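Have a look at coords.cif; it's mmCIF, C-alpha atoms and all ligand atoms:
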```
data_my_file
#
loop_
_atom_site.group_PDB
_atom_site.id
_atom_site.type_symbol
_atom_site.label_atom_id
_atom_site.label_comp_id
_atom_site.auth_asym_id
_atom_site.auth_seq_id
_atom_site.Cartn_x
_atom_site.Cartn_y
_atom_site.Cartn_z
ATOM 1 C CA MET A 12 80.068 145.891 158.811
ATOM 2 C CA PRO A 13 81.565 145.292 162.226
ATOM 3 C CA ILE A 14 84.937 143.603 162.449
ATOM 4 C CA THR A 15 84.671 141.609 165.657
ATOM 5 C CA ALA A 16 87.976 139.821 165.794
ATOM 6 C CA SER A 17 91.274 140.914 164.407
ATOM 7 C CA SER A 18 94.173 138.836 163.261
ATOM 8 C CA ALA A 19 97.866 139.386 162.750
ATOM 9 C CA ASP A 20 100.100 137.747 160.193
ATOM 10 C CA SER A 21 103.207 136.455 161.885
ATOM 11 C CA SER A 22 106.473 137.212 160.194
ATOM 12 C CA ARG A 23 107.376 134.456 157.773
ATOM 13 C CA THR A 24 110.900 134.606 159.075
ATOM 14 C CA ALA A 25 109.927 134.312 162.761
ATOM 15 C CA GLN A 26 111.813 131.558 164.579
ATOM 16 C CA HIS A 27 109.717 128.860 166.188
ATOM 17 C CA VAL A 28 109.959 128.871 169.964
ATOM 18 C CA SER A 29 109.373 126.134 172.533
ATOM 19 C CA ILE A 30 106.448 126.469 174.919
ATOM 20 C CA ASP A 31 108.958 127.170 177.744
ATOM 21 C CA GLU A 32 110.463 130.048 175.784
ATOM 22 C CA PHE A 33 106.986 131.275 174.911
ATOM 23 C CA VAL A 34 106.010 131.331 178.609
ATOM 24 C CA ASN A 35 109.233 133.142 179.552
ATOM 25 C CA GLY A 36 108.428 135.878 177.049
ATOM 26 C CA LEU A 37 104.802 136.088 178.131
ATOM 27 C CA ARG A 38 105.905 136.582 181.734
ATOM 28 C CA LYS A 39 108.015 139.556 180.636
ATOM 29 C CA LEU A 40 105.067 141.402 179.076
ATOM 30 C CA ARG A 41 103.788 144.373 181.037
ATOM 31 C CA LYS A 42 100.375 144.977 182.487
ATOM 32 C CA ALA A 43 99.702 147.454 179.654
ATOM 33 C CA ASP A 44 100.269 144.713 177.041
ATOM 34 C CA PHE A 45 97.355 142.780 178.506
ATOM 35 C CA ALA A 46 95.095 145.803 178.975
ATOM 36 C CA GLY A 47 94.733 146.378 175.205
ATOM 37 C CA VAL A 48 94.923 143.632 172.558
ATOM 38 C CA ALA A 49 97.774 144.924 170.335
ATOM 39 C CA GLY A 50 100.826 144.239 172.523
ATOM 40 C CA THR A 51 100.107 140.616 173.325
ATOM 41 C CA LEU A 52 98.866 139.939 169.771
ATOM 42 C CA ALA A 53 102.177 141.218 168.404
ATOM 43 C CA TYR A 54 104.092 139.012 170.850
ATOM 44 C CA ILE A 55 102.115 135.894 169.871
ATOM 45 C CA ALA A 56 102.454 136.660 166.149
ATOM 46 C CA ALA A 57 106.221 137.031 166.537
ATOM 47 C CA SER A 58 106.539 133.803 168.562
ATOM 48 C CA PRO A 59 105.171 130.871 166.523
ATOM 49 C CA LEU A 60 105.259 127.723 168.621
ATOM 50 C CA ASP A 61 107.267 124.598 168.084
ATOM 51 C CA ALA A 62 104.260 122.237 168.223
ATOM 52 C CA GLU A 63 106.357 119.301 169.453
ATOM 53 C CA SER A 64 107.144 121.117 172.715
ATOM 54 C CA LEU A 65 103.414 121.261 173.499
ATOM 55 C CA GLN A 66 103.056 117.478 173.711
ATOM 56 C CA PRO A 67 103.235 117.247 177.574
ATOM 57 C CA TYR A 68 100.171 119.505 177.781
ATOM 58 C CA LEU A 69 97.948 117.749 175.238
ATOM 59 C CA PHE A 70 95.134 115.448 176.383
ATOM 60 C CA TRP A 71 92.413 114.173 174.071
ATOM 61 C CA ASN A 72 88.812 113.212 174.695
ATOM 62 C CA ALA A 73 86.569 111.743 172.004
ATOM 63 C CA GLN A 74 83.444 113.425 173.447
ATOM 64 C CA HIS A 75 84.571 116.953 174.236
ATOM 65 C CA TYR A 76 87.418 119.364 173.661
ATOM 66 C CA THR A 77 89.891 119.511 176.563
ATOM 67 C CA ARG A 78 91.144 122.611 178.448
ATOM 68 C CA ASN A 79 94.747 122.253 179.556
ATOM 69 C CA LEU A 80 96.397 124.819 181.814
ATOM 70 C CA ILE A 81 100.024 125.604 180.949
ATOM 71 C CA ASP A 82 100.746 128.734 182.992
ATOM 72 C CA LYS A 83 98.844 131.105 185.253
ATOM 73 C CA THR A 84 99.753 134.373 186.951
ATOM 74 C CA GLU A 85 97.724 137.155 188.455
ATOM 75 C CA LEU A 86 97.686 138.798 185.004
ATOM 76 C CA TYR A 87 96.919 135.943 182.642
ATOM 77 C CA GLU A 88 96.300 132.252 182.121
ATOM 78 C CA LEU A 89 97.664 130.226 179.209
ATOM 79 C CA LEU A 90 95.741 127.179 177.973
ATOM 80 C CA ALA A 91 96.083 124.617 175.212
ATOM 81 C CA ILE A 92 92.709 123.400 173.966
ATOM 82 C CA CYS A 93 92.577 120.092 172.046
ATOM 83 C CA TRP A 94 89.891 119.703 169.371
ATOM 84 C CA GLU A 95 89.012 116.473 167.589
ATOM 85 C CA PRO A 96 87.600 116.976 164.053
ATOM 86 C CA GLY A 97 84.007 118.263 164.200
ATOM 87 C CA MET A 98 84.211 119.646 167.733
ATOM 88 C CA ARG A 99 83.004 123.136 168.519
ATOM 89 C CA SER A 100 82.612 125.285 171.608
ATOM 90 C CA SER A 101 79.399 126.763 172.907
ATOM 91 C CA ILE A 102 78.734 130.344 171.906
ATOM 92 C CA HIS A 103 80.270 132.253 174.806
ATOM 93 C CA ASN A 104 81.766 135.465 176.130
ATOM 94 C CA HIS A 105 84.898 135.998 178.249
ATOM 95 C CA LYS A 106 83.518 137.830 181.255
ATOM 96 C CA GLY A 107 84.948 141.138 180.079
ATOM 97 C CA GLN A 108 88.494 139.721 179.822
ATOM 98 C CA ASN A 109 90.807 139.895 176.827
ATOM 99 C CA CYS A 110 91.522 136.759 174.807
ATOM 100 C CA TRP A 111 94.140 135.852 172.225
ATOM 101 C CA MET A 112 94.165 132.610 170.245
ATOM 102 C CA ALA A 113 96.793 130.893 168.125
ATOM 103 C CA ALA A 114 96.632 127.510 166.373
ATOM 104 C CA PRO A 115 100.022 125.799 166.607
ATOM 105 C CA ILE A 116 98.487 122.542 165.307
ATOM 106 C CA GLY A 117 95.774 122.360 162.626
ATOM 107 C CA ARG A 118 93.413 125.289 162.142
ATOM 108 C CA LEU A 119 90.205 126.605 163.665
ATOM 109 C CA VAL A 120 87.515 129.045 162.724
ATOM 110 C CA VAL A 121 85.979 131.645 165.035
ATOM 111 C CA GLN A 122 82.343 132.625 164.396
ATOM 112 C CA ASN A 123 81.622 136.026 165.923
ATOM 113 C CA TYR A 124 78.199 137.219 167.060
ATOM 114 C CA ARG A 125 76.646 140.583 167.794
ATOM 115 C CA VAL A 126 74.537 140.887 170.923
ATOM 116 C CA ILE A 127 71.287 142.713 170.206
ATOM 117 C CA ALA A 128 69.864 142.130 173.689
ATOM 118 C CA GLU A 129 70.954 140.229 176.774
ATOM 119 C CA ASP A 130 69.239 139.843 180.136
ATOM 120 C CA LEU A 131 70.983 137.381 182.431
ATOM 121 C CA ALA A 132 68.271 137.661 185.107
ATOM 122 C CA SER A 133 65.619 136.252 182.752
ATOM 123 C CA GLN A 134 68.215 134.237 180.757
ATOM 124 C CA ARG A 135 66.946 135.708 177.495
ATOM 125 C CA CYS A 136 69.091 137.060 174.689
ATOM 126 C CA GLU A 137 69.059 137.933 171.030
ATOM 127 C CA ILE A 138 72.311 137.462 169.133
ATOM 128 C CA VAL A 139 73.140 137.325 165.436
ATOM 129 C CA PRO A 140 76.155 135.800 163.666
ATOM 130 C CA THR A 141 78.542 138.302 162.081
ATOM 131 C CA ASP A 142 81.946 137.450 160.653
ATOM 132 C CA LEU A 143 84.107 134.311 160.513
ATOM 133 C CA VAL A 144 87.832 134.494 161.247
ATOM 134 C CA GLU A 145 90.251 131.659 160.602
ATOM 135 C CA ILE A 146 93.088 130.883 163.033
ATOM 136 C CA THR A 147 96.083 129.181 161.450
ATOM 137 C CA PRO A 148 99.623 128.543 162.707
ATOM 138 C CA ALA A 149 100.684 131.766 160.954
ATOM 139 C CA GLN A 150 97.717 133.851 162.037
ATOM 140 C CA PRO A 151 96.808 134.398 165.700
ATOM 141 C CA VAL A 152 93.605 136.248 166.554
ATOM 142 C CA ALA A 153 92.509 138.657 169.295
ATOM 143 C CA VAL A 154 88.894 138.760 170.388
ATOM 144 C CA ASP A 155 87.432 142.259 170.030
ATOM 145 C CA PRO A 156 86.638 143.468 173.571
ATOM 146 C CA LEU A 157 83.639 145.385 172.192
ATOM 147 C CA ASN A 158 82.154 142.321 170.438
ATOM 148 C CA PRO A 159 83.373 139.420 172.554
ATOM 149 C CA VAL A 160 80.726 136.755 171.856
ATOM 150 C CA HIS A 161 81.914 133.892 169.623
ATOM 151 C CA ASP A 162 82.272 130.171 169.164
ATOM 152 C CA VAL A 163 85.286 128.167 167.970
ATOM 153 C CA ARG A 164 85.104 125.225 165.520
ATOM 154 C CA ASN A 165 87.377 122.548 164.168
ATOM 155 C CA CYS A 166 85.406 121.809 161.002
ATOM 156 C CA ARG A 167 84.786 118.094 160.430
ATOM 157 C CA GLU A 168 85.544 118.331 156.715
ATOM 158 C CA TRP A 169 89.127 119.386 157.481
ATOM 159 C CA GLY A 170 89.583 115.909 158.963
ATOM 160 C CA GLU A 171 92.417 116.735 161.343
ATOM 161 C CA ARG A 172 92.992 117.416 164.999
ATOM 162 C CA ALA A 173 93.669 120.980 166.093
ATOM 163 C CA VAL A 174 95.301 122.533 169.135
ATOM 164 C CA SER A 175 94.660 126.155 170.016
ATOM 165 C CA LEU A 176 96.669 128.209 172.441
ATOM 166 C CA HIS A 177 94.657 130.740 174.486
ATOM 167 C CA VAL A 178 95.880 133.656 176.564
ATOM 168 C CA TYR A 179 93.173 135.107 178.816
ATOM 169 C CA SER A 180 93.773 138.287 180.789
ATOM 170 C CA ARG A 181 92.887 138.279 183.486
ATOM 171 C CA PRO A 182 92.084 134.660 184.348
ATOM 172 C CA PHE A 183 88.374 133.855 184.700
ATOM 173 C CA ASN A 184 86.548 130.733 185.825
ATOM 174 C CA SER A 185 83.043 131.265 184.491
ATOM 175 C CA CYS A 186 81.445 132.686 181.378
ATOM 176 C CA VAL A 187 78.067 133.272 179.749
ATOM 177 C CA VAL A 188 76.908 130.820 177.072
ATOM 178 C CA TYR A 189 74.263 131.642 174.470
ATOM 179 C CA SER A 190 71.820 129.849 172.186
ATOM 180 C CA VAL A 191 70.847 131.568 168.935
ATOM 181 C CA GLU A 192 67.906 129.240 168.245
ATOM 182 C CA GLN A 193 66.392 129.332 171.728
ATOM 183 C CA GLY A 194 67.271 132.953 172.512
ATOM 184 C CA THR A 195 68.637 131.915 175.886
ATOM 185 C CA CYS A 196 71.800 132.618 177.859
ATOM 186 C CA GLY A 197 73.224 131.587 181.204
ATOM 187 C CA GLU A 198 76.388 131.504 183.248
ATOM 188 C CA ILE A 199 78.486 128.326 183.480
ATOM 189 C CA GLY A 200 81.609 127.427 185.456
ATOM 190 C CA LEU A 201 84.868 126.579 183.683
ATOM 191 C CA GLY A 202 87.354 123.928 184.785
ATOM 192 C CA TYR A 203 90.589 122.396 183.533
ATOM 193 C CA THR A 204 91.070 118.927 182.040
ATOM 194 C CA SER A 205 94.720 119.050 183.088
ATOM 195 C CA MET A 206 96.979 121.458 184.970
ATOM 196 C CA TYR A 207 100.705 121.816 184.270
ATOM 197 C CA GLY A 208 100.743 118.543 182.326
ATOM 198 C CA LYS A 209 98.817 116.446 184.862
ATOM 199 C CA LEU A 210 95.245 115.239 184.384
ATOM 200 C CA GLU A 211 92.813 116.646 186.961
HETATM 201 FE FE FE A 301 86.501 132.071 173.584
#
```
Could you spell out this file's structure in structure tokens?
Ligand SMILES: [Fe+2]
Amino acid sequence: MPITASSADSSRTAQHVSIDEFVNGLRKLRKADFAGVAGTLAYIAASPLDAESLQPYLFWNAQHYTRNLIDKTELYELLAICWEPGMRSSIHNHKGQNCWMAAPIGRLVVQNYRVIAEDLASQRCEIVPTDLVEITPAQPVAVDPLNPVHDVRNCREWGERAVSLHVYSRPFNSCVVYSVEQGTCGEIGLGYTSMYGKLE
């Protein structure tokens, strides 16, 4: 049974930090912390966010989740993604880049998939769902670099908004999206809803 995303329990005694403090700490991490998943996952688990400090970066759209850039360096980009109840992402990969997710507001579930076959030239694929991993304020998650295809959901029955914090290393501006039912895949471009607190 493949485990395709791993999670870390944050210390119950960890102090909440503001998003500014979180960014300062992230900027101090070394290249090696972003090359594997353990170093950055430990940092995120030890640095639960004060949700109130995120407010300047949160924009909501009734039709689609929003992608809000908070910080970007050569090594990583940091985004807050805002999910209304019932919203979910496409099934996607991360272009070979590492990804960490935390849920400072609400909770989200990650559905992982295993790729049986993928041919971008003909846009055909075969993927199967594997495990589900929940992201809560106390439990950040790292995407498994060996099984990086997943979707993210804010389940409608939970009835509350959610905000996820994403660290991607290195930054990427396109990814591959997949359809289980149609057996298709294709590359799409990625943009930002807002950058540094300002709507695009
Ligand atoms: Fe993702």
Test item: residues at most 10 Å from A:Gly200, all atoms listed in the file, excluding those fewer than 5 positions along its chain, as a PDB file with C-alpha atoms, keeping the file's coordinate frame:
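Okay, this is what ended up in part-v2.pdb:
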```
ATOM      1  CA  PHE A 183      88.374 133.855 184.700  1.00  0.00           C
ATOM      2  CA  ASN A 184      86.548 130.733 185.825  1.00  0.00           C
ATOM      3  CA  SER A 185      83.043 131.265 184.491  1.00  0.00           C
ATOM      4  CA  CYS A 186      81.445 132.686 181.378  1.00  0.00           C
ATOM      5  CA  VAL A 187      78.067 133.272 179.749  1.00  0.00           C
TER       6      VAL A 187
END
```
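Residues in contact with ligand FE 301 (chain A) comprise A:Ser100, A:Ser101, A:Ile102, A:His103, A:Asn104, A:His105, A:Asn109, A:Cys110, A:Trp111, A:Met112, A:Val121, A:Asn123, A:Ala153, A:Val154, A:Pro159, A:Val160, A:His161, A:Asp162, A:Val163, A:His177, A:Val178, A:Tyr179, A:Cys186, where contact means an atom-to-atom distance of at most 10 Å counting all atoms listed in the file.
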Quiz prompt | A:Phe70 surroundings by all atoms listed in the file, 9 Å radius, close-in-sequence under 3 positions cut, as a VMD selection string | solution = chain A and resid 66 to 67 77 to 79 92 to 93 204 to 205 208 210
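Atom CA of A:Glu171 to atom CA of A:Glu63 spans 16.3 Å [interatomic distance, one decimal].
One distance worth recording is that between atom CA of A:Thr84 and atom CA of A:Ala173, which is 25.5 Å.
Taken over the whole file, the PyMOL selection byres (((chain A and resi 80) around 6) and not hetatm) covers exactly Asn79, Ile81, Asp82, Leu90, Met206 and Tyr207 of chain A.
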Run the PyMOL selection byres (((chain A and resi 130-146) around 9) and not hetatm) against the file shown and list the residues it catches, as a PDB file with C-alpha atoms, in the frame of the given file.
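To be explicit, this is the file written out as selection_22.pdb:
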```
ATOM      1  CA  MET A  12      80.068 145.891 158.811  1.00  0.00           C
ATOM      2  CA  PRO A  13      81.565 145.292 162.226  1.00  0.00           C
ATOM      3  CA  ILE A  14      84.937 143.603 162.449  1.00  0.00           C
ATOM      4  CA  THR A  15      84.671 141.609 165.657  1.00  0.00           C
ATOM      5  CA  ALA A  16      87.976 139.821 165.794  1.00  0.00           C
ATOM      6  CA  SER A  17      91.274 140.914 164.407  1.00  0.00           C
ATOM      7  CA  SER A  18      94.173 138.836 163.261  1.00  0.00           C
ATOM      8  CA  MET A 112      94.165 132.610 170.245  1.00  0.00           C
ATOM      9  CA  ALA A 113      96.793 130.893 168.125  1.00  0.00           C
ATOM     10  CA  ALA A 114      96.632 127.510 166.373  1.00  0.00           C
ATOM     11  CA  GLY A 117      95.774 122.360 162.626  1.00  0.00           C
ATOM     12  CA  ARG A 118      93.413 125.289 162.142  1.00  0.00           C
ATOM     13  CA  LEU A 119      90.205 126.605 163.665  1.00  0.00           C
ATOM     14  CA  VAL A 120      87.515 129.045 162.724  1.00  0.00           C
ATOM     15  CA  VAL A 121      85.979 131.645 165.035  1.00  0.00           C
ATOM     16  CA  GLN A 122      82.343 132.625 164.396  1.00  0.00           C
ATOM     17  CA  ASN A 123      81.622 136.026 165.923  1.00  0.00           C
ATOM     18  CA  TYR A 124      78.199 137.219 167.060  1.00  0.00           C
ATOM     19  CA  ARG A 125      76.646 140.583 167.794  1.00  0.00           C
ATOM     20  CA  VAL A 126      74.537 140.887 170.923  1.00  0.00           C
ATOM     21  CA  ILE A 127      71.287 142.713 170.206  1.00  0.00           C
ATOM     22  CA  ALA A 128      69.864 142.130 173.689  1.00  0.00           C
ATOM     23  CA  GLU A 129      70.954 140.229 176.774  1.00  0.00           C
ATOM     24  CA  THR A 147      96.083 129.181 161.450  1.00  0.00           C
ATOM     25  CA  PRO A 148      99.623 128.543 162.707  1.00  0.00           C
ATOM     26  CA  ALA A 149     100.684 131.766 160.954  1.00  0.00           C
ATOM     27  CA  GLN A 150      97.717 133.851 162.037  1.00  0.00           C
ATOM     28  CA  PRO A 151      96.808 134.398 165.700  1.00  0.00           C
ATOM     29  CA  VAL A 152      93.605 136.248 166.554  1.00  0.00           C
ATOM     30  CA  VAL A 160      80.726 136.755 171.856  1.00  0.00           C
ATOM     31  CA  HIS A 161      81.914 133.892 169.623  1.00  0.00           C
ATOM     32  CA  SER A 175      94.660 126.155 170.016  1.00  0.00           C
ATOM     33  CA  VAL A 187      78.067 133.272 179.749  1.00  0.00           C
ATOM     34  CA  TYR A 189      74.263 131.642 174.470  1.00  0.00           C
ATOM     35  CA  SER A 190      71.820 129.849 172.186  1.00  0.00           C
ATOM     36  CA  VAL A 191      70.847 131.568 168.935  1.00  0.00           C
ATOM     37  CA  GLN A 193      66.392 129.332 171.728  1.00  0.00           C
ATOM     38  CA  GLY A 194      67.271 132.953 172.512  1.00  0.00           C
ATOM     39  CA  THR A 195      68.637 131.915 175.886  1.00  0.00           C
ATOM     40  CA  CYS A 196      71.800 132.618 177.859  1.00  0.00           C
ATOM     41  CA  GLY A 197      73.224 131.587 181.204  1.00  0.00           C
ATOM     42  CA  GLU A 198      76.388 131.504 183.248  1.00  0.00           C
TER      43      GLU A 198
END
```
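For the atom pair formed by atom CA of A:Ala91 and atom CA of A:Gly47, the distance is 21.8 Å, given to one decimal.
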